[in-house]
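Next up, data07.txt (compact mmCIF, N, CA and C atoms and all ligand atoms):
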```
# COMPACT_ATOMS: atom_id res chain seq x y z
N MET A 675 241.62 89.36 194.01
CA MET A 675 240.88 90.49 193.45
C MET A 675 240.76 90.35 191.93
N ARG A 676 239.61 90.68 191.44
CA ARG A 676 239.38 90.56 190.00
C ARG A 676 240.11 91.65 189.23
N ASN A 677 240.49 91.33 188.02
CA ASN A 677 241.07 92.35 187.16
C ASN A 677 239.99 93.29 186.66
N LYS A 678 240.35 94.55 186.60
CA LYS A 678 239.41 95.53 186.06
C LYS A 678 239.40 95.47 184.54
N LEU A 679 238.25 95.79 183.99
CA LEU A 679 238.13 95.89 182.55
C LEU A 679 238.52 97.31 182.14
N HIS A 680 239.48 97.40 181.22
CA HIS A 680 239.87 98.73 180.73
C HIS A 680 239.63 98.82 179.23
N LYS A 681 238.94 99.86 178.84
CA LYS A 681 238.77 100.11 177.41
C LYS A 681 239.09 101.57 177.15
N SER A 682 239.50 101.86 175.94
CA SER A 682 239.79 103.26 175.60
C SER A 682 238.48 104.02 175.45
N ASP A 683 238.61 105.32 175.52
CA ASP A 683 237.47 106.19 175.31
C ASP A 683 236.78 105.91 173.97
N ALA A 684 237.59 105.70 172.95
CA ALA A 684 237.05 105.45 171.61
C ALA A 684 236.25 104.15 171.59
N GLU A 685 236.75 103.14 172.30
CA GLU A 685 236.03 101.87 172.34
C GLU A 685 234.69 102.01 173.06
N TRP A 686 234.70 102.74 174.17
CA TRP A 686 233.44 102.94 174.89
C TRP A 686 232.46 103.72 174.01
N ARG A 687 232.95 104.73 173.33
CA ARG A 687 232.06 105.54 172.48
C ARG A 687 231.44 104.69 171.38
N GLN A 688 232.20 103.75 170.89
CA GLN A 688 231.70 102.89 169.82
C GLN A 688 230.65 101.91 170.35
N GLN A 689 230.88 101.41 171.57
CA GLN A 689 230.01 100.39 172.13
C GLN A 689 228.69 100.97 172.66
N LEU A 690 228.76 102.15 173.24
CA LEU A 690 227.61 102.70 173.98
C LEU A 690 226.86 103.74 173.15
N THR A 691 225.60 103.93 173.49
CA THR A 691 224.88 105.06 172.91
C THR A 691 225.42 106.34 173.54
N ARG A 692 225.09 107.44 172.95
CA ARG A 692 225.57 108.72 173.47
C ARG A 692 225.16 108.94 174.92
N GLU A 693 223.89 108.60 175.23
CA GLU A 693 223.39 108.79 176.59
C GLU A 693 224.04 107.80 177.57
N GLN A 694 224.21 106.57 177.13
CA GLN A 694 224.90 105.58 177.98
C GLN A 694 226.32 106.05 178.28
N TYR A 695 226.99 106.57 177.25
CA TYR A 695 228.36 107.04 177.43
C TYR A 695 228.40 108.22 178.40
N ARG A 696 227.48 109.14 178.20
CA ARG A 696 227.46 110.35 179.03
C ARG A 696 227.28 109.98 180.51
N VAL A 697 226.36 109.07 180.79
CA VAL A 697 226.08 108.71 182.19
C VAL A 697 227.22 107.86 182.77
N THR A 698 227.58 106.78 182.07
CA THR A 698 228.48 105.80 182.70
C THR A 698 229.94 106.22 182.66
N ARG A 699 230.37 106.90 181.60
CA ARG A 699 231.79 107.23 181.49
C ARG A 699 232.07 108.67 181.88
N GLU A 700 231.06 109.53 181.83
CA GLU A 700 231.27 110.94 182.20
C GLU A 700 230.51 111.31 183.46
N LYS A 701 230.02 110.31 184.19
CA LYS A 701 229.32 110.52 185.45
C LYS A 701 228.12 111.45 185.31
N GLY A 702 227.37 111.23 184.26
CA GLY A 702 226.16 112.03 184.04
C GLY A 702 224.99 111.47 184.82
N THR A 703 223.87 112.17 184.75
CA THR A 703 222.63 111.71 185.38
C THR A 703 221.51 111.86 184.37
N GLU A 704 220.74 110.80 184.20
CA GLU A 704 219.60 110.91 183.29
C GLU A 704 218.49 111.71 183.96
N PRO A 705 217.62 112.36 183.19
CA PRO A 705 216.52 113.11 183.80
C PRO A 705 215.62 112.16 184.61
N PRO A 706 215.12 112.60 185.77
CA PRO A 706 214.24 111.74 186.57
C PRO A 706 213.00 111.33 185.78
N PHE A 707 212.48 110.17 186.08
CA PHE A 707 211.27 109.62 185.46
C PHE A 707 211.43 109.40 183.96
N SER A 708 212.68 109.35 183.47
CA SER A 708 212.89 109.16 182.04
C SER A 708 213.27 107.73 181.70
N GLY A 709 213.71 106.97 182.70
CA GLY A 709 214.34 105.68 182.39
C GLY A 709 213.35 104.55 182.20
N ASP A 710 213.81 103.53 181.51
CA ASP A 710 212.98 102.36 181.22
C ASP A 710 212.68 101.54 182.46
N HIS A 711 213.60 101.52 183.42
CA HIS A 711 213.50 100.55 184.51
C HIS A 711 212.86 101.13 185.75
N GLN A 712 212.40 102.37 185.67
CA GLN A 712 211.97 103.06 186.87
C GLN A 712 210.75 102.40 187.51
N VAL A 713 209.76 102.02 186.71
CA VAL A 713 208.53 101.49 187.28
C VAL A 713 208.34 99.99 187.09
N SER A 714 209.14 99.39 186.22
CA SER A 714 208.95 97.97 185.92
C SER A 714 209.07 97.13 187.20
N ASP A 715 208.17 96.15 187.36
CA ASP A 715 208.35 95.24 188.50
C ASP A 715 208.52 93.81 188.02
N GLU A 716 208.98 93.66 186.78
CA GLU A 716 209.31 92.33 186.27
C GLU A 716 210.44 91.73 187.10
N GLN A 717 210.43 90.40 187.23
CA GLN A 717 211.50 89.74 187.97
C GLN A 717 212.69 89.52 187.05
N GLY A 718 213.87 89.80 187.57
CA GLY A 718 215.06 89.57 186.77
C GLY A 718 216.27 90.26 187.37
N ILE A 719 217.32 90.28 186.57
CA ILE A 719 218.62 90.80 187.02
C ILE A 719 219.01 92.00 186.15
N TYR A 720 219.56 93.00 186.81
CA TYR A 720 220.06 94.18 186.11
C TYR A 720 221.58 94.07 185.97
N HIS A 721 222.02 94.17 184.71
CA HIS A 721 223.45 94.05 184.42
C HIS A 721 224.04 95.41 184.05
N CYS A 722 225.35 95.52 184.20
CA CYS A 722 226.06 96.73 183.78
C CYS A 722 225.98 96.84 182.27
N VAL A 723 225.58 98.03 181.78
CA VAL A 723 225.41 98.20 180.34
C VAL A 723 226.77 98.23 179.63
N CYS A 724 227.82 98.49 180.38
CA CYS A 724 229.17 98.57 179.80
C CYS A 724 229.85 97.21 179.69
N CYS A 725 229.77 96.40 180.75
CA CYS A 725 230.57 95.17 180.77
C CYS A 725 229.73 93.92 181.00
N GLY A 726 228.44 94.06 181.30
CA GLY A 726 227.58 92.90 181.45
C GLY A 726 227.58 92.27 182.83
N ALA A 727 228.33 92.82 183.77
CA ALA A 727 228.35 92.26 185.13
C ALA A 727 226.97 92.39 185.77
N ALA A 728 226.55 91.36 186.51
CA ALA A 728 225.27 91.40 187.22
C ALA A 728 225.41 92.31 188.43
N LEU A 729 224.52 93.29 188.57
CA LEU A 729 224.70 94.31 189.61
C LEU A 729 223.57 94.37 190.62
N PHE A 730 222.33 94.29 190.14
CA PHE A 730 221.17 94.43 191.02
C PHE A 730 220.11 93.44 190.60
N GLU A 731 219.19 93.12 191.52
CA GLU A 731 218.07 92.28 191.11
C GLU A 731 216.75 92.91 191.53
N ASN A 732 215.72 92.48 190.80
CA ASN A 732 214.43 93.11 190.98
C ASN A 732 213.88 92.96 192.40
N GLU A 733 214.24 91.87 193.03
CA GLU A 733 213.77 91.59 194.39
C GLU A 733 214.15 92.71 195.38
N HIS A 734 215.25 93.39 195.10
CA HIS A 734 215.74 94.43 196.00
C HIS A 734 215.36 95.84 195.54
N LYS A 735 214.48 95.89 194.53
CA LYS A 735 214.06 97.18 194.00
C LYS A 735 212.86 97.65 194.81
N PHE A 736 212.77 98.94 195.02
CA PHE A 736 211.59 99.47 195.71
C PHE A 736 211.20 100.81 195.07
N ASP A 737 209.98 101.19 195.29
CA ASP A 737 209.47 102.42 194.70
C ASP A 737 209.79 103.59 195.63
N SER A 738 210.84 104.32 195.31
CA SER A 738 211.26 105.42 196.17
C SER A 738 210.58 106.72 195.79
N GLY A 739 209.96 106.75 194.60
CA GLY A 739 209.34 107.98 194.13
C GLY A 739 210.32 109.04 193.67
N CYS A 740 211.62 108.69 193.61
CA CYS A 740 212.63 109.71 193.27
C CYS A 740 212.83 109.84 191.78
N GLY A 741 212.28 108.91 190.99
CA GLY A 741 212.39 109.05 189.54
C GLY A 741 213.49 108.24 188.90
N TRP A 742 214.24 107.52 189.74
CA TRP A 742 215.25 106.60 189.22
C TRP A 742 215.02 105.24 189.84
N PRO A 743 215.43 104.16 189.16
CA PRO A 743 215.32 102.85 189.79
C PRO A 743 216.11 102.85 191.11
N SER A 744 215.48 102.31 192.16
CA SER A 744 216.11 102.34 193.48
C SER A 744 216.15 100.94 194.05
N PHE A 745 217.27 100.60 194.63
CA PHE A 745 217.48 99.27 195.21
C PHE A 745 217.96 99.46 196.64
N ASP A 746 217.63 98.50 197.51
CA ASP A 746 218.10 98.65 198.89
C ASP A 746 219.45 97.97 199.11
N ARG A 747 219.95 97.27 198.09
CA ARG A 747 221.28 96.66 198.19
C ARG A 747 221.70 96.20 196.80
N PRO A 748 223.03 96.06 196.58
CA PRO A 748 223.49 95.47 195.32
C PRO A 748 223.27 93.97 195.32
N LEU A 749 223.43 93.36 194.17
CA LEU A 749 223.19 91.93 194.02
C LEU A 749 224.09 91.11 194.94
N GLY A 750 225.35 91.42 194.96
CA GLY A 750 226.27 90.67 195.82
C GLY A 750 227.33 91.60 196.36
N LYS A 751 228.00 91.14 197.40
CA LYS A 751 229.12 91.92 197.94
C LYS A 751 230.18 92.01 196.85
N GLY A 752 230.67 93.21 196.62
CA GLY A 752 231.74 93.35 195.63
C GLY A 752 231.26 93.58 194.21
N SER A 753 229.95 93.56 193.99
CA SER A 753 229.49 93.82 192.62
C SER A 753 229.58 95.31 192.27
N VAL A 754 229.45 96.15 193.29
CA VAL A 754 229.64 97.58 193.06
C VAL A 754 230.65 98.12 194.07
N GLU A 755 231.24 99.27 193.72
CA GLU A 755 232.13 99.96 194.64
C GLU A 755 231.55 101.34 194.92
N GLU A 756 231.88 101.87 196.09
CA GLU A 756 231.34 103.17 196.47
C GLU A 756 232.48 104.16 196.68
N ASN A 757 232.35 105.33 196.11
CA ASN A 757 233.37 106.37 196.20
C ASN A 757 232.76 107.64 196.77
N PHE A 758 233.54 108.29 197.59
CA PHE A 758 233.11 109.58 198.12
C PHE A 758 233.12 110.61 196.98
N ASP A 759 232.05 111.38 196.86
CA ASP A 759 231.88 112.29 195.72
C ASP A 759 231.47 113.67 196.25
N GLU A 760 232.33 114.66 195.97
CA GLU A 760 232.02 116.02 196.42
C GLU A 760 231.69 116.95 195.26
N SER A 761 231.37 116.37 194.09
CA SER A 761 231.09 117.23 192.94
C SER A 761 229.73 117.90 193.09
N HIS A 762 229.51 118.94 192.31
CA HIS A 762 228.23 119.67 192.29
C HIS A 762 227.86 120.24 193.66
N GLY A 763 228.87 120.50 194.51
CA GLY A 763 228.61 121.13 195.80
C GLY A 763 227.85 120.25 196.79
N MET A 764 227.80 118.94 196.53
CA MET A 764 227.08 118.03 197.43
C MET A 764 228.04 116.96 197.92
N ARG A 765 227.76 116.44 199.08
CA ARG A 765 228.54 115.30 199.58
C ARG A 765 227.71 114.06 199.38
N ARG A 766 228.13 113.26 198.43
CA ARG A 766 227.36 112.06 198.12
C ARG A 766 228.32 110.88 198.00
N THR A 767 227.73 109.71 197.94
CA THR A 767 228.52 108.50 197.72
C THR A 767 228.18 107.96 196.35
N GLU A 768 229.18 107.98 195.48
CA GLU A 768 228.99 107.50 194.12
C GLU A 768 229.03 105.98 194.09
N VAL A 769 228.21 105.37 193.25
CA VAL A 769 228.21 103.92 193.07
C VAL A 769 228.74 103.62 191.67
N VAL A 770 229.77 102.78 191.59
CA VAL A 770 230.32 102.38 190.30
C VAL A 770 230.34 100.86 190.18
N CYS A 771 230.34 100.38 188.94
CA CYS A 771 230.51 98.96 188.66
C CYS A 771 231.92 98.57 189.08
N SER A 772 232.05 97.51 189.88
CA SER A 772 233.39 97.16 190.39
C SER A 772 234.23 96.52 189.29
N HIS A 773 233.61 96.09 188.22
CA HIS A 773 234.38 95.45 187.15
C HIS A 773 234.95 96.46 186.16
N CYS A 774 234.16 97.46 185.77
CA CYS A 774 234.63 98.37 184.71
C CYS A 774 234.58 99.83 185.12
N ASP A 775 234.25 100.12 186.38
CA ASP A 775 234.21 101.49 186.90
C ASP A 775 233.14 102.36 186.24
N ALA A 776 232.15 101.77 185.62
CA ALA A 776 231.05 102.57 185.07
C ALA A 776 230.35 103.31 186.19
N HIS A 777 230.09 104.58 185.99
CA HIS A 777 229.28 105.33 186.96
C HIS A 777 227.84 104.85 186.85
N LEU A 778 227.26 104.47 187.99
CA LEU A 778 225.89 103.94 187.98
C LEU A 778 224.91 104.92 188.60
N GLY A 779 225.31 105.57 189.67
CA GLY A 779 224.41 106.47 190.38
C GLY A 779 225.00 106.78 191.73
N HIS A 780 224.14 106.98 192.72
CA HIS A 780 224.60 107.31 194.07
C HIS A 780 223.82 106.47 195.08
N VAL A 781 224.39 106.33 196.28
CA VAL A 781 223.68 105.64 197.36
C VAL A 781 223.44 106.64 198.49
N PHE A 782 222.21 106.63 199.00
CA PHE A 782 221.80 107.55 200.06
C PHE A 782 221.28 106.75 201.26
N PRO A 783 221.44 107.31 202.47
CA PRO A 783 221.04 106.56 203.67
C PRO A 783 219.57 106.74 204.02
N ASP A 784 218.71 106.89 203.01
CA ASP A 784 217.29 107.12 203.29
C ASP A 784 216.41 106.04 202.66
N GLY A 785 216.95 104.83 202.56
CA GLY A 785 216.19 103.71 202.02
C GLY A 785 215.22 103.15 203.04
N PRO A 786 214.55 102.04 202.68
CA PRO A 786 213.54 101.46 203.58
C PRO A 786 214.15 101.02 204.91
N PRO A 787 213.72 101.59 206.03
CA PRO A 787 214.32 101.24 207.32
C PRO A 787 214.09 99.77 207.71
N GLN A 788 213.02 99.16 207.18
CA GLN A 788 212.75 97.77 207.54
C GLN A 788 213.72 96.80 206.87
N THR A 789 214.49 97.25 205.89
CA THR A 789 215.49 96.36 205.27
C THR A 789 216.88 96.90 205.57
N THR A 790 217.50 97.58 204.61
CA THR A 790 218.89 98.01 204.81
C THR A 790 219.02 99.48 205.18
N GLY A 791 217.98 100.27 204.93
CA GLY A 791 218.08 101.70 205.15
C GLY A 791 218.86 102.42 204.06
N GLN A 792 219.25 101.68 203.03
CA GLN A 792 220.03 102.28 201.96
C GLN A 792 219.18 102.45 200.70
N ARG A 793 219.46 103.49 199.96
CA ARG A 793 218.78 103.69 198.67
C ARG A 793 219.84 103.84 197.59
N TYR A 794 220.03 102.78 196.80
CA TYR A 794 220.90 102.84 195.65
C TYR A 794 220.09 103.43 194.50
N CYS A 795 220.38 104.67 194.19
CA CYS A 795 219.63 105.43 193.21
C CYS A 795 220.41 105.38 191.90
N ILE A 796 219.91 104.59 190.96
CA ILE A 796 220.72 104.17 189.82
C ILE A 796 220.09 104.65 188.51
N ASN A 797 220.91 105.10 187.58
CA ASN A 797 220.42 105.51 186.27
C ASN A 797 219.96 104.29 185.46
N SER A 798 218.75 104.35 184.93
CA SER A 798 218.25 103.26 184.08
C SER A 798 219.18 102.96 182.93
N VAL A 799 219.73 104.03 182.37
CA VAL A 799 220.53 103.90 181.15
C VAL A 799 221.84 103.14 181.41
N ALA A 800 222.23 103.05 182.68
CA ALA A 800 223.45 102.30 183.03
C ALA A 800 223.17 100.82 183.21
N LEU A 801 221.89 100.43 183.16
CA LEU A 801 221.50 99.06 183.46
C LEU A 801 220.90 98.37 182.24
N ASP A 802 221.19 97.11 182.12
CA ASP A 802 220.65 96.26 181.07
C ASP A 802 219.86 95.16 181.78
N PHE A 803 218.54 95.14 181.60
CA PHE A 803 217.68 94.22 182.37
C PHE A 803 217.53 92.89 181.64
N HIS A 804 217.78 91.81 182.35
CA HIS A 804 217.54 90.47 181.81
C HIS A 804 216.42 89.82 182.61
N PRO A 805 215.22 89.73 182.05
CA PRO A 805 214.12 89.10 182.81
C PRO A 805 214.38 87.63 183.08
N ASP A 806 213.84 87.15 184.20
CA ASP A 806 213.94 85.72 184.50
C ASP A 806 213.23 84.92 183.43
N GLU A 807 213.75 83.76 183.15
CA GLU A 807 213.10 82.87 182.17
C GLU A 807 211.78 82.38 182.70
ZN ZN A 901 230.60 97.30 184.36
```

With the file now loaded, output its structure as structure tokens.
Ligand SMILES: [Zn+2]
Amino acid sequence: MRNKLHKSDAEWRQQLTREQYRVTREKGTEPPFSGDHQVSDEQGIYHCVCCGAALFENEHKFDSGCGWPSFDRPLGKGSVEENFDESHGMRRTEVVCSHCDAHLGHVFPDGPPQTTGQRYCINSVALDFHPDE
């Protein structure tokens, strides 16, 4: 098992923008249709904005119309972890970066049925996009 990355609150605050910090370290949600990655269909890899781990790729992105970038699966097994989340009076499954525990978004069972049936609904601000060369 890989070692987790641990940083102090002060270190995260220094590294991240206020919005990145709010979403990834305080489990916030960016407003729908506000993110940079929502409509882009460029080919490439999405990395964790906190630790740089590769998390999702454009090939698995689909247009869900929900206002956040949506993927039908993570990049690889073990790149993200899923936690049961009962906050805000809803039963959801939280998705976090398996390397640094950054909050990324939630996964819902209403994705494209022809592929995985899963919808990883991820905050743009939690992702750093690296286009293919
Ligand atoms: Zn991370």

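If you measure from each of A:Gln717, A:Asn757, A:Ser772, A:Asn732 to ligand ZN 901 (chain A) using all atoms listed in the file, the closest one turns out to be A:Ser772.
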
Find the residues near Val770 of chain A: any atom within 6 Å, counting only N, CA and C atoms, skip ones fewer than 2 places away on the same chain, and give them as a PyMOL selection string.
chain A and resi 753-757+768+772+775-779

Helix (DSSP H, G or I) call set, DSSP backbone run, chain A, as a JSON list (two decimals) with N, CA and C atoms, in the frame of the given file:
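Okay, part24.json is ready:
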```json
[["chain", "number", "residue", "atom", "x", "y", "z"],
["A", 683, "ASP", "N", 238.61, 105.32, 175.52],
["A", 683, "ASP", "CA", 237.47, 106.19, 175.31],
["A", 683, "ASP", "C", 236.78, 105.91, 173.97],
["A", 684, "ALA", "N", 237.59, 105.70, 172.95],
["A", 684, "ALA", "CA", 237.05, 105.45, 171.61],
["A", 684, "ALA", "C", 236.25, 104.15, 171.59],
["A", 685, "GLU", "N", 236.75, 103.14, 172.30],
["A", 685, "GLU", "CA", 236.03, 101.87, 172.34],
["A", 685, "GLU", "C", 234.69, 102.01, 173.06],
["A", 686, "TRP", "N", 234.70, 102.74, 174.17],
["A", 686, "TRP", "CA", 233.44, 102.94, 174.89],
["A", 686, "TRP", "C", 232.46, 103.72, 174.01],
["A", 687, "ARG", "N", 232.95, 104.73, 173.33],
["A", 687, "ARG", "CA", 232.06, 105.54, 172.48],
["A", 687, "ARG", "C", 231.44, 104.69, 171.38],
["A", 688, "GLN", "N", 232.20, 103.75, 170.89],
["A", 688, "GLN", "CA", 231.70, 102.89, 169.82],
["A", 688, "GLN", "C", 230.65, 101.91, 170.35],
["A", 689, "GLN", "N", 230.88, 101.41, 171.57],
["A", 689, "GLN", "CA", 230.01, 100.39, 172.13],
["A", 689, "GLN", "C", 228.69, 100.97, 172.66],
["A", 692, "ARG", "N", 225.09, 107.44, 172.95],
["A", 692, "ARG", "CA", 225.57, 108.72, 173.47],
["A", 692, "ARG", "C", 225.16, 108.94, 174.92],
["A", 693, "GLU", "N", 223.89, 108.60, 175.23],
["A", 693, "GLU", "CA", 223.39, 108.79, 176.59],
["A", 693, "GLU", "C", 224.04, 107.80, 177.57],
["A", 694, "GLN", "N", 224.21, 106.57, 177.13],
["A", 694, "GLN", "CA", 224.90, 105.58, 177.98],
["A", 694, "GLN", "C", 226.32, 106.05, 178.28],
["A", 695, "TYR", "N", 226.99, 106.57, 177.25],
["A", 695, "TYR", "CA", 228.36, 107.04, 177.43],
["A", 695, "TYR", "C", 228.40, 108.22, 178.40],
["A", 696, "ARG", "N", 227.48, 109.14, 178.20],
["A", 696, "ARG", "CA", 227.46, 110.35, 179.03],
["A", 696, "ARG", "C", 227.28, 109.98, 180.51],
["A", 697, "VAL", "N", 226.36, 109.07, 180.79],
["A", 697, "VAL", "CA", 226.08, 108.71, 182.19],
["A", 697, "VAL", "C", 227.22, 107.86, 182.77],
["A", 698, "THR", "N", 227.58, 106.78, 182.07],
["A", 698, "THR", "CA", 228.48, 105.80, 182.70],
["A", 698, "THR", "C", 229.94, 106.22, 182.66],
["A", 699, "ARG", "N", 230.37, 106.90, 181.60],
["A", 699, "ARG", "CA", 231.79, 107.23, 181.49],
["A", 699, "ARG", "C", 232.07, 108.67, 181.88],
["A", 700, "GLU", "N", 231.06, 109.53, 181.83],
["A", 700, "GLU", "CA", 231.27, 110.94, 182.20],
["A", 700, "GLU", "C", 230.51, 111.31, 183.46],
["A", 732, "ASN", "N", 215.72, 92.48, 190.80],
["A", 732, "ASN", "CA", 214.43, 93.11, 190.98],
["A", 732, "ASN", "C", 213.88, 92.96, 192.40],
["A", 733, "GLU", "N", 214.24, 91.87, 193.03],
["A", 733, "GLU", "CA", 213.77, 91.59, 194.39],
["A", 733, "GLU", "C", 214.15, 92.71, 195.38],
["A", 734, "HIS", "N", 215.25, 93.39, 195.10],
["A", 734, "HIS", "CA", 215.74, 94.43, 196.00],
["A", 734, "HIS", "C", 215.36, 95.84, 195.54],
["A", 761, "SER", "N", 231.37, 116.37, 194.09],
["A", 761, "SER", "CA", 231.09, 117.23, 192.94],
["A", 761, "SER", "C", 229.73, 117.90, 193.09],
["A", 762, "HIS", "N", 229.51, 118.94, 192.31],
["A", 762, "HIS", "CA", 228.23, 119.67, 192.29],
["A", 762, "HIS", "C", 227.86, 120.24, 193.66],
["A", 763, "GLY", "N", 228.87, 120.50, 194.51],
["A", 763, "GLY", "CA", 228.61, 121.13, 195.80],
["A", 763, "GLY", "C", 227.85, 120.25, 196.79],
["A", 798, "SER", "N", 218.75, 104.35, 184.93],
["A", 798, "SER", "CA", 218.25, 103.26, 184.08],
["A", 798, "SER", "C", 219.18, 102.96, 182.93],
["A", 799, "VAL", "N", 219.73, 104.03, 182.37],
["A", 799, "VAL", "CA", 220.53, 103.90, 181.15],
["A", 799, "VAL", "C", 221.84, 103.14, 181.41],
["A", 800, "ALA", "N", 222.23, 103.05, 182.68],
["A", 800, "ALA", "CA", 223.45, 102.30, 183.03],
["A", 800, "ALA", "C", 223.17, 100.82, 183.21]]
```

Neighbouring residues of ligand ZN 901 (chain A) are defined here as those with any atom at most 6 Å from a ligand atom, counting only N, CA and C atoms and all ligand atoms; list them as a list in words.
Cys722, Val723, Cys724, Cys725, Gly726, Ala727, Cys771, Ser772, His773, Cys774, Asp775 and Ala776 of chain A

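Using all atoms listed in the file, the smallest distance between any of A:Arg687, A:His721, A:Glu700, A:Pro748 and Ala800 of chain A comes from A:His721.
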
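Computed from the coordinates, the atom CA of Asp715 of chain A to atom CA of Pro787 of chain A distance equals 20.6 Å.
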
Find the residue from A:Gly763, A:Gly750, A:Pro743, A:Pro783 that sits nearest to Phe730 of chain A; use all atoms listed in the file when measuring.
A:Gly750
